[in-house]
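K.L.:
Attaching a single structure in C-alpha cells format; questions to follow.
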Amino acid sequence: MTNGSLLDSLRGIVGSEHLVTHERQLATYASDGLLQYAAHPVAVVLPGSAEEVAAVVRACHEAEVPWVARGAGSGLSGGALPVEEGVLIALSRLRRILEIDVENGRVLVEPGVTNIAVSQAVAPTHFFPPDPSSQIVCTIGGNVAENSGGAHCFKYGFTTNYVSGLEVVLPDGLVVHLGGAELDHPGYDLVGAFVGSEGTLGIATKIWLRVIPKPEAWRTLVAFFGSTVQAGEVVSRIVAEGIVPGAIEMMDNLSIRAAEGATNAGYPQDAGAALVVELDGSEAECEARFEQVKELCGEADSVRVAQDEAERDLIWRARKAAFAAMGRIAPNYYVQDSVIPRTRLAEVLGQIEELAADHDLQVANVFHAGDGNLHPLVCYDGSKPGEAERAEELAGLIVKACVDAGGSITGEHGVGVDKKRYMPAMFDEPDLATFQRLRCAFDPDGRANPGKVMPTPRLCGEVPGPYRRHPLEQAGLAERF
Amino acid sequence: MPVATQAPATLEELAAALASAAEAGTPVRFRGAGTKQGWPPAAPEDAVEISTAGLTRIVEHNAGDLTAVLEAGVPLAEAQALFAKEGQRLALDPPLGAPGGEEAGATIGGVVATGDTGPLRGRYGGPRDLVVGIRVALSDGTLAKSGGKVIKNVAGYDIAKLFGGSFGTLGAIVEVSVRLHPVAPDTATAVGEATSPDELARGALAIGRSPLEHHGIDIAWHGGRGRVLARFAGAVPRPQAEAAEKLLRAEGLATEIVDEDEPLWDEQRAAQRGPLVVKVSGLPARIPELARAADETGGSVVGRAALGLSWVRFEEPSAEAVKRLRREFVVAVQDRPADLDVDPVGPLEPGVRELMRRVKERFDPAGVCV
C-alpha cells in the first residue's frame, strides 16, 4: 500500500478534519517535552474513539507503516518523538472519564484524560496518587506508557501500582482486555508488563485505575541546610527512624536561587540545600511523627513549618517551579533522571560536582530524596559553540556515575530515544534480548514506537526452534497459561 | 510425579540444567519449598523437577536503602528474621506452609512465582509491587535480569511483573531484588462482629472509604456470621483503631479493640489454605454477594476487603462449588485435591489467551516449562 492510499483509509476512519498532513501543522507534533529531538511524521491522525484507534492501527498494520502514540506530549525522554516514515496517533480526543466508582475505589478512563482530572473526579474524598510535576497537562495514557511517578511515590508508589486493567489495541489491530476493574485476574500479569513499556507494545484505549481515600491530615516543612550532604544525612535519619514521608524533596543552592527568583517563596538564596518534608496520614500519627522530623532537622540553619494551606502551597511552589526556573541560570538545560541508592547520595553528588567543574558547566540538583531519584539539570548556552556537546557529554558521565553506584538511568521519565544509548550501561546483551522477547510477543513486526527503549534496532524473526506443545497441553490438561 | 529432582547450587548451574532438559525435550517443573505444588496442573509423568534448594543466599541487605537481593530458594521466614534485626521487613506475609504440612518454608521465589499474598497486601501491595528487580533463567539457557536494586526505576521492560504469578511457565525465577519497609512500632486492630452479609460489607466499606490510614481491612465469613478486622500501625495506632471502632459500631456491628492482634491476623492468613481454596478477584462492594454465595456452597471466606480480593475455603471439595462461584466472579483455584476436575484458571478472553500463548512461545520456545 502506498502512503497515499493509507492516508485515504485514515481519512475514511477519522474524517478529514482529524487527519493532519500539512507541513506547518505537523510541526506542532514534531517533538515532545524534550525539544532536542524533532521529526515530522507522514501524518498525524486524531481518532475519536477506541474503535477508531483500532481501525487506524489496523490500517497501519496492513500498510506496513510504523506509528507512534502520543498523549499530551509532555514526556521528557523523546518517547513520543514521531518517526519520519510513520504515522503519529494523537490520543487527545479520547478524554472521557467513563466510570467513577468511588465506593470500589475505581475509575475507568480513556487515555487522553489528564492526570489531575482523575483526582478531581473523585475529590474531595479520594485521589489518584501518582503526581508527576506535569500533572495538569500530562495524560493517563502517557502515565501508563512511562509508569510515571511524582513527588509522592516514595510512600504511595507509581502508576503501575494503580492500574488494574487495560483495553489495549495490539500492533496488529487486535483488541484485548487485560485485567479489569478487579485485581489479580488469572493468567500472566500482562497489565504489569504493559505499564511502562513506553508505547512499544500497543495503545491503551481504556484504563482502570485505583483511587484511594485522601489522608486525613498533612504536615509540611522546609528546612535549610549548609550543604546537600548535611540535608542528605537528615533524610537518612528520617528513613532510619521508620518514618515514611508522603514526600521528601531536596534542592541544592543553584536550584534554590533559580526557583526563588521565579517564585519569591522565601527560600534563603544562600542556603546550601532545601529539604521539603511532607507527612500525611492520620492526625495523631502525623503529629507524633512530625515532632520527630522537626527534631531530626535540629541542625538545620532554619526551618519553616507551613501553618496553613497557603504556606504549604508556597513551599511547594518553589520546588515545582525548579525546572522551569532554570532559564534564570542558563538559556538551556539538559535534565537527567538517574536514580541512586539513597545512601550513596553524598558520594555521587561529590562526583557530579567534580564532573561539572571539569566541564566548566553548572549543574543544579533537584531530587526526590526518599527514593534517590536525582534530577541533575546540566545548564548550558546552546549559542556558544561546543557547549551543547559538552553538556551532553557531562550528562552522560553523570548517568554513568549513578549506574556505577548501583542505580538506574531513569527513575520516571522513561528511556525513550534520549536514554537508549545508556541502556547497555545497565543491561547486558542477554537482558536486552529478553526484553526483545516480550516486545516480539506483542509486536512481531516492530511497528509500535520503533527506535525507542532498545539501544540498537532489532528484528523479531520467527520463534527460534519449533514450539512443541507438550502432549498434556495438547490434550488441554496442562494449559495453565 | 516428576522422575528426578535436581538442585543446582548456582544460578548458572540452574540455567544449564534447564537448558539441557530443554534440549532433551524433557518437561521441567520448578520447585521451591513445595508448599504450593498442587496449584498448577500436575506435572507430566516424564517431567524433571528443578529445585531452588541450592539457591539460598541472601545476597544483599542494604538496610539504609531498604532493599535486599535474595536468591530464589531463600525461605521467606529466614529473610524476615534477618531484616527484623534492623527493624525492617519485606511486606509479604502469605501463608508459609501447605495445609496440614509441617514445613512452613515457602521461598521468596515460590511466593513471587505464584503471586501469593497475605493481609499486608492491603497496605503494601503484593510481589508485583515489592519486587524491584529479577533474574530469570530461560529454557535456552539464557540468564537475564530486569529492573535493578533501587526502588524507583523505569529502565527497560518489567520482566519481574511478567514472571510474577506465571507459575514457572515462562522460565525460572532465580533471584529477586525487593523493596523493604520499616516495621511499625505498634499495632492495634478494631474488630466488628457481623451477623449478615450486608452488615459485614457496610462495616468494611465504612472504614475503606474513610481517611483512616489502615494497615489492612480484612473480612472473615462463615455460616451466616463473620467479622471485619481493621488494623492500624504506627507510632500511635490506637486513636485510629478507636475511630474505626466507632465507624463499625455506627453500622451496627458489635466491636472491640485488640492490641495484641497478631493471632487474629495469623488466623486470617491460615484460612487462605485448605482442602479446596479458590481466590476470588472481586470488588469491595460485592462482599455481600460473595458471602451469600459462600453460604450457599458451604464455603468460608477471608479477604482483603479494601482490595476486593478474597479466598473461599471448602472443607469438602467439590467442582460444583467452583462452577457456582465462577458464574458470578473471576476465580482462580489454588489448593485442591489432585483428582478434582476443575480448571485452575477459568475462562479467558480468546485474545488474551492468544497473547499469553505468544508470550509463552517467545520466552520458552522449547515449550518445556510446565
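Chain labels A, B, ... are given in the sequence in which chains occur in the C-alpha cells; within each chain residues are numbered consecutively from 1, and ligands are likewise numbered from 1 in the order shown.
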So that each row is one residue of chain B with an atom at most 7 Å from chain A, can you give its shortest atom pair and the distance in Å to one decimal, using only C-alpha atoms, rows by chain and rising number, as CSV?
P.N.:
residue,atom,partner,partner_atom,distance
B:Pro40,CA,A:Arg480,CA,6.6
B:Pro41,CA,A:Ala478,CA,5.6
B:Pro44,CA,A:Leu472,CA,7.0
B:Gly64,CA,A:Thr343,CA,6.2
B:Asp65,CA,A:Arg342,CA,5.9
B:Asp129,CA,A:Asn161,CA,6.3
B:Thr142,CA,A:Pro430,CA,6.5
B:Leu143,CA,A:Pro430,CA,6.8
B:Ala144,CA,A:Asp431,CA,4.6
B:Lys145,CA,A:Asp431,CA,5.4
B:Ser146,CA,A:Asp431,CA,6.7
B:Lys149,CA,A:Gly406,CA,6.9
B:Val150,CA,A:Pro341,CA,5.8
B:Ile151,CA,A:Asp371,CA,6.3
B:Lys152,CA,A:Gly411,CA,5.1
B:Asn153,CA,A:Gly411,CA,4.2
B:Val154,CA,A:Gly411,CA,5.4
B:Ala155,CA,A:Thr410,CA,5.8
B:Gly156,CA,A:Val453,CA,6.8
B:Tyr157,CA,A:Ser197,CA,5.9
B:Asp158,CA,A:Ala193,CA,5.5
B:Ile159,CA,A:Ala193,CA,6.7
B:Lys161,CA,A:Gly192,CA,5.3
B:Leu162,CA,A:Asp189,CA,5.3
B:Gly165,CA,A:Tyr188,CA,6.6
B:Ser166,CA,A:Tyr188,CA,5.6
B:Pro182,CA,A:Gly242,CA,5.0
B:Arg209,CA,A:Pro213,CA,6.0
B:Ser210,CA,A:Pro213,CA,6.5
B:Pro211,CA,A:Pro215,CA,5.1
B:Leu212,CA,A:Ser282,CA,6.2
B:Glu213,CA,A:Gly281,CA,5.9
B:Gly234,CA,A:Glu285,CA,6.9
B:Ala235,CA,A:Glu285,CA,6.4
B:Val236,CA,A:Glu285,CA,5.9
B:Ser281,CA,A:Glu182,CA,5.6
B:Gly282,CA,A:Glu182,CA,5.5
B:Leu283,CA,A:Glu182,CA,6.1
B:Pro284,CA,A:Asn104,CA,5.5
B:Ala285,CA,A:Asn104,CA,6.1
B:Val330,CA,A:His185,CA,6.9
B:Ala332,CA,A:Pro186,CA,6.1
B:Val345,CA,A:Pro186,CA,5.6
B:Gly351,CA,A:Val176,CA,5.5
B:Val352,CA,A:Val176,CA,6.0
B:Met356,CA,A:Phe481,CA,6.8
B:Arg358,CA,A:Ala441,CA,5.1
B:Val359,CA,A:Ala441,CA,5.0
B:Glu361,CA,A:Tyr467,CA,6.4
B:Arg362,CA,A:Arg437,CA,5.5
B:Phe363,CA,A:Arg437,CA,6.4
B:Pro365,CA,A:Tyr467,CA,4.9
B:Ala366,CA,A:Tyr467,CA,5.3
B:Gly367,CA,A:Arg468,CA,5.5
K.L.:
Export C-alpha atoms of the chosen residues as a PDB file, in the first residue's frame?
P.N.:
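result18.pdb was written with the following content:
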ATOM      1  CA  PRO B  40      -0.785 -25.656  38.860  1.00  0.00           C
ATOM      2  CA  PRO B  41      -1.936 -28.723  36.914  1.00  0.00           C
ATOM      3  CA  PRO B  44       3.588 -34.700  33.322  1.00  0.00           C
ATOM      4  CA  GLY B  64      19.971   2.093  54.740  1.00  0.00           C
ATOM      5  CA  ASP B  65      18.370   1.817  51.322  1.00  0.00           C
ATOM      6  CA  ASP B 129       4.581  -4.044  43.932  1.00  0.00           C
ATOM      7  CA  THR B 142      19.700 -17.573  28.975  1.00  0.00           C
ATOM      8  CA  LEU B 143      20.281 -15.945  32.339  1.00  0.00           C
ATOM      9  CA  ALA B 144      18.831 -12.446  32.228  1.00  0.00           C
ATOM     10  CA  LYS B 145      17.835  -9.630  34.551  1.00  0.00           C
ATOM     11  CA  SER B 146      15.396  -6.740  34.530  1.00  0.00           C
ATOM     12  CA  LYS B 149      18.244  -2.614  43.056  1.00  0.00           C
ATOM     13  CA  VAL B 150      16.668   0.791  43.512  1.00  0.00           C
ATOM     14  CA  ILE B 151      13.024   1.311  44.384  1.00  0.00           C
ATOM     15  CA  LYS B 152      12.392   3.728  41.555  1.00  0.00           C
ATOM     16  CA  ASN B 153      13.390   2.620  38.091  1.00  0.00           C
ATOM     17  CA  VAL B 154      11.657   2.598  34.724  1.00  0.00           C
ATOM     18  CA  ALA B 155      14.532   1.439  32.518  1.00  0.00           C
ATOM     19  CA  GLY B 156      13.581  -1.490  30.311  1.00  0.00           C
ATOM     20  CA  TYR B 157      10.574  -3.778  30.364  1.00  0.00           C
ATOM     21  CA  ASP B 158       9.197  -5.035  33.658  1.00  0.00           C
ATOM     22  CA  ILE B 159      10.015  -8.720  33.314  1.00  0.00           C
ATOM     23  CA  LYS B 161       5.803  -8.480  36.701  1.00  0.00           C
ATOM     24  CA  LEU B 162       5.552 -10.847  33.777  1.00  0.00           C
ATOM     25  CA  GLY B 165       2.314 -15.272  39.117  1.00  0.00           C
ATOM     26  CA  SER B 166       3.453 -17.124  35.989  1.00  0.00           C
ATOM     27  CA  PRO B 182      10.162  -0.370  58.338  1.00  0.00           C
ATOM     28  CA  ARG B 209     -13.773   4.916  52.327  1.00  0.00           C
ATOM     29  CA  SER B 210     -12.716   6.805  55.468  1.00  0.00           C
ATOM     30  CA  PRO B 211      -9.429   8.705  55.504  1.00  0.00           C
ATOM     31  CA  LEU B 212      -8.102   6.381  58.210  1.00  0.00           C
ATOM     32  CA  GLU B 213      -4.704   5.071  57.183  1.00  0.00           C
ATOM     33  CA  GLY B 234       2.490   3.317  63.571  1.00  0.00           C
ATOM     34  CA  ALA B 235       3.772   5.308  66.489  1.00  0.00           C
ATOM     35  CA  VAL B 236       0.245   5.834  67.843  1.00  0.00           C
ATOM     36  CA  SER B 281     -10.931 -11.314  42.242  1.00  0.00           C
ATOM     37  CA  GLY B 282     -13.894  -9.149  43.177  1.00  0.00           C
ATOM     38  CA  LEU B 283     -14.695  -5.626  44.259  1.00  0.00           C
ATOM     39  CA  PRO B 284     -15.289  -4.301  47.766  1.00  0.00           C
ATOM     40  CA  ALA B 285     -18.979  -3.571  47.193  1.00  0.00           C
ATOM     41  CA  VAL B 330     -13.437 -14.103  38.489  1.00  0.00           C
ATOM     42  CA  ALA B 332      -8.634 -18.929  40.323  1.00  0.00           C
ATOM     43  CA  VAL B 345      -7.535 -20.514  35.669  1.00  0.00           C
ATOM     44  CA  GLY B 351      -7.392 -12.554  22.507  1.00  0.00           C
ATOM     45  CA  VAL B 352      -5.780 -12.690  25.943  1.00  0.00           C
ATOM     46  CA  MET B 356      -0.351 -15.322  26.523  1.00  0.00           C
ATOM     47  CA  ARG B 358       2.637 -15.710  22.114  1.00  0.00           C
ATOM     48  CA  VAL B 359       4.453 -14.619  25.273  1.00  0.00           C
ATOM     49  CA  GLU B 361       6.278 -19.123  22.880  1.00  0.00           C
ATOM     50  CA  ARG B 362       8.861 -16.339  22.928  1.00  0.00           C
ATOM     51  CA  PHE B 363      10.154 -16.998  26.437  1.00  0.00           C
ATOM     52  CA  PRO B 365      10.238 -21.716  22.654  1.00  0.00           C
ATOM     53  CA  ALA B 366      11.078 -25.299  23.610  1.00  0.00           C
ATOM     54  CA  GLY B 367       7.774 -25.437  25.463  1.00  0.00           C
TER      55      GLY B 367
END
K.L.:
I need the residues in region 20-173 of chain B that are strand (DSSP E) according to DSSP; give them as a compact mmCIF listing (two decimals) with N, CA and C atoms, in the first residue's frame.
P.N.:
# COMPACT_ATOMS: atom_id res chain seq x y z
N VAL B 28 9.91 -29.55 32.40
CA VAL B 28 10.55 -29.16 33.67
C VAL B 28 9.52 -28.51 34.58
N ARG B 29 9.54 -28.91 35.83
CA ARG B 29 8.71 -28.26 36.85
C ARG B 29 9.66 -27.67 37.89
N PHE B 30 9.49 -26.38 38.19
CA PHE B 30 10.35 -25.76 39.21
C PHE B 30 9.74 -25.95 40.58
N ARG B 31 10.62 -26.01 41.56
CA ARG B 31 10.16 -26.25 42.92
C ARG B 31 10.93 -25.40 43.92
N VAL B 48 11.15 -33.48 34.72
CA VAL B 48 12.15 -33.42 35.78
C VAL B 48 11.82 -32.21 36.64
N GLU B 49 12.23 -32.32 37.90
CA GLU B 49 11.97 -31.23 38.81
C GLU B 49 13.29 -30.50 39.03
N ILE B 50 13.28 -29.19 38.87
CA ILE B 50 14.48 -28.41 39.19
C ILE B 50 14.14 -27.58 40.42
N SER B 51 14.88 -27.82 41.47
CA SER B 51 14.59 -27.19 42.75
C SER B 51 15.52 -26.00 42.97
N ILE B 58 21.31 -14.98 50.81
CA ILE B 58 20.81 -13.61 50.91
C ILE B 58 21.96 -12.76 50.42
N VAL B 59 21.85 -12.30 49.21
CA VAL B 59 22.99 -11.69 48.52
C VAL B 59 23.31 -10.31 49.10
N GLU B 60 22.27 -9.54 49.35
CA GLU B 60 22.46 -8.20 49.91
C GLU B 60 21.30 -7.85 50.83
N HIS B 61 21.60 -7.18 51.92
CA HIS B 61 20.56 -6.48 52.67
C HIS B 61 21.08 -5.08 52.90
N ASN B 62 20.56 -4.15 52.13
CA ASN B 62 21.01 -2.77 52.24
C ASN B 62 20.04 -2.03 53.15
N THR B 67 16.46 -2.09 50.86
CA THR B 67 16.37 -3.04 49.75
C THR B 67 17.14 -4.30 50.11
N ALA B 68 16.86 -5.37 49.38
CA ALA B 68 17.61 -6.61 49.57
C ALA B 68 17.60 -7.39 48.27
N VAL B 69 18.61 -8.25 48.13
CA VAL B 69 18.69 -9.14 46.98
C VAL B 69 18.73 -10.56 47.51
N LEU B 70 17.80 -11.39 47.06
CA LEU B 70 17.67 -12.74 47.58
C LEU B 70 17.70 -13.74 46.43
N GLU B 71 18.40 -14.84 46.63
CA GLU B 71 18.26 -15.94 45.68
C GLU B 71 16.89 -16.57 45.88
N GLN B 88 13.19 -3.94 60.02
CA GLN B 88 12.60 -3.89 58.69
C GLN B 88 11.93 -5.21 58.34
N ARG B 89 11.19 -5.19 57.25
CA ARG B 89 10.65 -6.44 56.73
C ARG B 89 10.32 -6.30 55.25
N VAL B 131 8.72 -6.31 44.34
CA VAL B 131 9.91 -6.81 43.64
C VAL B 131 10.39 -5.72 42.69
N VAL B 132 11.62 -5.25 42.87
CA VAL B 132 12.12 -4.15 42.04
C VAL B 132 13.11 -4.63 40.98
N GLY B 133 13.48 -5.89 41.07
CA GLY B 133 14.39 -6.42 40.06
C GLY B 133 14.32 -7.93 40.08
N ILE B 134 14.64 -8.55 38.97
CA ILE B 134 14.54 -10.01 38.93
C ILE B 134 15.62 -10.58 38.00
N ARG B 135 16.02 -11.81 38.31
CA ARG B 135 16.92 -12.53 37.42
C ARG B 135 16.21 -13.84 37.10
N VAL B 136 16.14 -14.16 35.82
CA VAL B 136 15.43 -15.36 35.40
C VAL B 136 16.31 -16.24 34.53
N ALA B 137 16.02 -17.54 34.54
CA ALA B 137 16.68 -18.48 33.64
C ALA B 137 15.64 -18.96 32.65
N LEU B 143 20.42 -16.46 30.99
CA LEU B 143 20.28 -15.95 32.34
C LEU B 143 20.17 -14.43 32.16
N ALA B 144 19.04 -13.86 32.52
CA ALA B 144 18.83 -12.45 32.23
C ALA B 144 18.21 -11.74 33.41
N LYS B 145 18.42 -10.41 33.45
CA LYS B 145 17.83 -9.63 34.55
C LYS B 145 16.99 -8.49 34.01
N SER B 146 16.08 -8.00 34.84
CA SER B 146 15.40 -6.74 34.53
C SER B 146 15.25 -5.97 35.83
N GLY B 147 14.93 -4.69 35.70
CA GLY B 147 14.83 -3.85 36.89
C GLY B 147 16.21 -3.58 37.45
N ALA B 172 12.54 -19.93 34.94
CA ALA B 172 12.72 -19.99 36.39
C ALA B 172 13.09 -18.62 36.94
N ILE B 173 12.47 -18.26 38.05
CA ILE B 173 12.91 -17.08 38.80
C ILE B 173 14.08 -17.54 39.65
K.L.:
What are the DSSP helix (DSSP H, G or I) residues of region 141-383 of chain A, as a compact mmCIF listing (two decimals) with C-alpha atoms, in the first residue's frame?
P.N.:
# COMPACT_ATOMS: atom_id res chain seq x y z
CA GLY A 141 -2.21 7.17 28.62
CA GLY A 142 1.21 8.76 28.86
CA ASN A 143 1.47 7.90 32.56
CA VAL A 144 0.73 4.26 31.70
CA ALA A 145 3.32 4.27 28.92
CA GLU A 146 6.01 5.77 31.13
CA CYS A 153 5.69 7.96 45.08
CA PHE A 154 8.16 7.12 47.87
CA LYS A 155 5.14 6.48 50.04
CA TYR A 156 2.38 5.79 47.52
CA THR A 159 1.39 4.38 38.11
CA THR A 160 1.91 0.63 37.81
CA ASN A 161 0.69 0.15 41.37
CA TYR A 162 -2.61 1.84 40.48
CA LEU A 190 0.20 -8.57 31.15
CA VAL A 191 -1.06 -5.35 32.73
CA GLY A 192 2.18 -5.23 34.71
CA ALA A 193 4.20 -5.95 31.58
CA PHE A 194 2.39 -3.27 29.57
CA THR A 228 23.28 18.86 50.38
CA VAL A 229 25.43 16.39 52.30
CA GLN A 230 24.01 17.66 55.59
CA ALA A 231 20.46 17.53 54.25
CA GLY A 232 21.11 14.04 52.87
CA GLU A 233 22.16 12.83 56.30
CA VAL A 234 18.88 14.08 57.74
CA VAL A 235 16.97 12.19 55.05
CA SER A 236 18.79 9.02 56.05
CA ARG A 237 17.97 9.56 59.70
CA ILE A 238 14.30 10.16 58.96
CA VAL A 239 14.09 6.95 56.97
CA ALA A 240 16.08 5.02 59.59
CA ASN A 253 21.79 26.08 46.10
CA LEU A 254 21.66 26.65 42.36
CA SER A 255 18.09 25.41 42.07
CA ILE A 256 17.07 27.34 45.19
CA ARG A 257 18.37 30.54 43.63
CA ALA A 258 16.62 29.89 40.34
CA ALA A 259 13.33 28.88 41.95
CA GLU A 260 13.36 31.72 44.46
CA GLY A 261 13.95 34.22 41.68
CA ALA A 262 10.92 32.87 39.87
CA THR A 263 8.52 32.39 42.80
CA GLU A 283 -3.91 13.40 62.64
CA ALA A 284 -2.32 11.65 65.64
CA GLU A 285 0.28 9.83 63.56
CA CYS A 286 1.24 12.98 61.65
CA GLU A 287 1.57 14.95 64.85
CA ALA A 288 3.77 12.35 66.55
CA ARG A 289 5.98 11.78 63.53
CA PHE A 290 6.22 15.48 62.68
CA GLU A 291 7.70 16.22 66.09
CA GLN A 292 10.33 13.58 65.36
CA VAL A 293 11.06 15.09 61.95
CA LYS A 294 11.47 18.57 63.46
CA GLU A 295 13.89 17.16 65.99
CA LEU A 296 15.87 15.39 63.28
CA GLU A 309 -2.75 25.52 53.04
CA ALA A 310 -1.39 28.76 51.56
CA GLU A 311 2.01 28.34 53.20
CA ARG A 312 2.13 24.73 52.13
CA ASP A 313 1.44 25.78 48.54
CA LEU A 314 4.19 28.38 48.75
CA ILE A 315 6.73 25.81 49.95
CA TRP A 316 5.77 23.51 47.12
CA ARG A 317 5.67 26.28 44.53
CA ALA A 318 9.43 26.74 44.70
CA ARG A 319 10.05 23.01 44.37
CA LYS A 320 7.67 22.60 41.47
CA ALA A 321 9.00 25.67 39.67
CA ALA A 322 12.61 24.49 39.83
CA PHE A 323 12.79 23.08 36.30
CA ALA A 324 11.06 25.97 34.63
CA ALA A 325 13.12 28.48 36.61
CA MET A 326 16.40 27.20 35.22
CA GLY A 327 16.09 29.77 32.45
CA ARG A 328 17.38 32.23 35.04
CA ARG A 342 19.91 6.82 48.67
CA THR A 343 22.85 6.01 50.93
CA ARG A 344 25.27 6.91 48.11
CA LEU A 345 23.90 10.44 47.82
CA ALA A 346 26.85 12.37 49.29
CA GLU A 347 29.37 10.42 47.24
CA VAL A 348 27.51 10.79 43.94
CA LEU A 349 26.80 14.49 44.47
CA GLY A 350 30.52 14.96 45.07
CA GLN A 351 31.26 13.22 41.78
CA ILE A 352 28.71 15.36 39.96
CA GLU A 353 30.33 18.50 41.35
CA GLU A 354 33.76 17.39 40.14
CA LEU A 355 32.47 16.40 36.71
CA ALA A 356 30.74 19.77 36.37
CA ALA A 357 33.94 21.62 37.25
CA ASP A 358 35.88 19.55 34.71
K.L.:
Would you please work out which residue, of B:Thr187, B:Arg179, B:Trp265, B:Gly168, is nearest to Ala63 (chain B) when using only C-alpha atoms?
P.N.:
B:Arg179
K.L.:
Please measure the separation of CA of Glu249 (chain A) and CA of Val378 (chain A), giving the value in Å to one decimal.
P.N.:
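CA of Glu249 (chain A) sits 18.8 Å away from CA of Val378 (chain A).
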K.L.:
Between CA of Glu99 (chain A) and CA of Glu199 (chain B), what is the distance in Å, rounded to a tenth?
P.N.:
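So the answer is 26.2 Å.
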K.L.:
Name the residues in contact with region 82-90 of chain A at a cut-off of 10 Å, using only C-alpha atoms, excluding same-chain residues fewer than 3 positions from it; report them as a ChimeraX atom specification.
P.N.:
/A:3,6-7,10,18-21,26,29-32,37-48,53,56-57,60,64-73,78-79,93-94,112,203,447-451
K.L.:
Nearest to Val342 (chain B) among B:Ala305, B:Ala291, B:Val370, B:Val277, with distances taken over only C-alpha atoms: which residue is it?
P.N.:
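Checking each candidate against Val342 (chain B), we get B:Val277 as the closest.
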K.L.:
Can you tell me how far CA of Val301 (chain B) sits from CA of Val228 (chain B), in Å to one decimal?
P.N.:
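Separating CA of Val301 (chain B) from CA of Val228 (chain B) is a distance of 11.5 Å.
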K.L.:
Show which residues sit within 10 Å of Ser318 (chain B), as a short mmCIF file (atom, residue, chain, number, x, y, z; two decimals) with C-alpha atoms, in the first residue's frame. Count only C-alpha atoms, and ignore same-chain residues fewer than 6 positions away.
P.N.:
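File written: result_14.cif
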data_model
loop_
_atom_site.label_atom_id
_atom_site.label_comp_id
_atom_site.auth_asym_id
_atom_site.auth_seq_id
_atom_site.Cartn_x
_atom_site.Cartn_y
_atom_site.Cartn_z
CA LEU B 276 -10.11 -26.61 48.37
CA THR B 297 -21.93 -23.63 48.78
CA ARG B 336 -7.41 -28.64 45.63
CA PRO B 337 -7.29 -32.41 45.58
CA LEU B 340 -10.81 -32.65 41.40
CA ASP B 341 -11.95 -31.85 37.87
CA VAL B 342 -11.55 -28.08 37.73
#
K.L.:
Here is a test: counting only C-alpha atoms, which residue of A:Val276, A:Ala55, A:Leu209, A:Ala27 is nearest to Val122 (chain A)?
P.N.:
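Selected residue with least distance to Val122 (chain A): A:Leu209.
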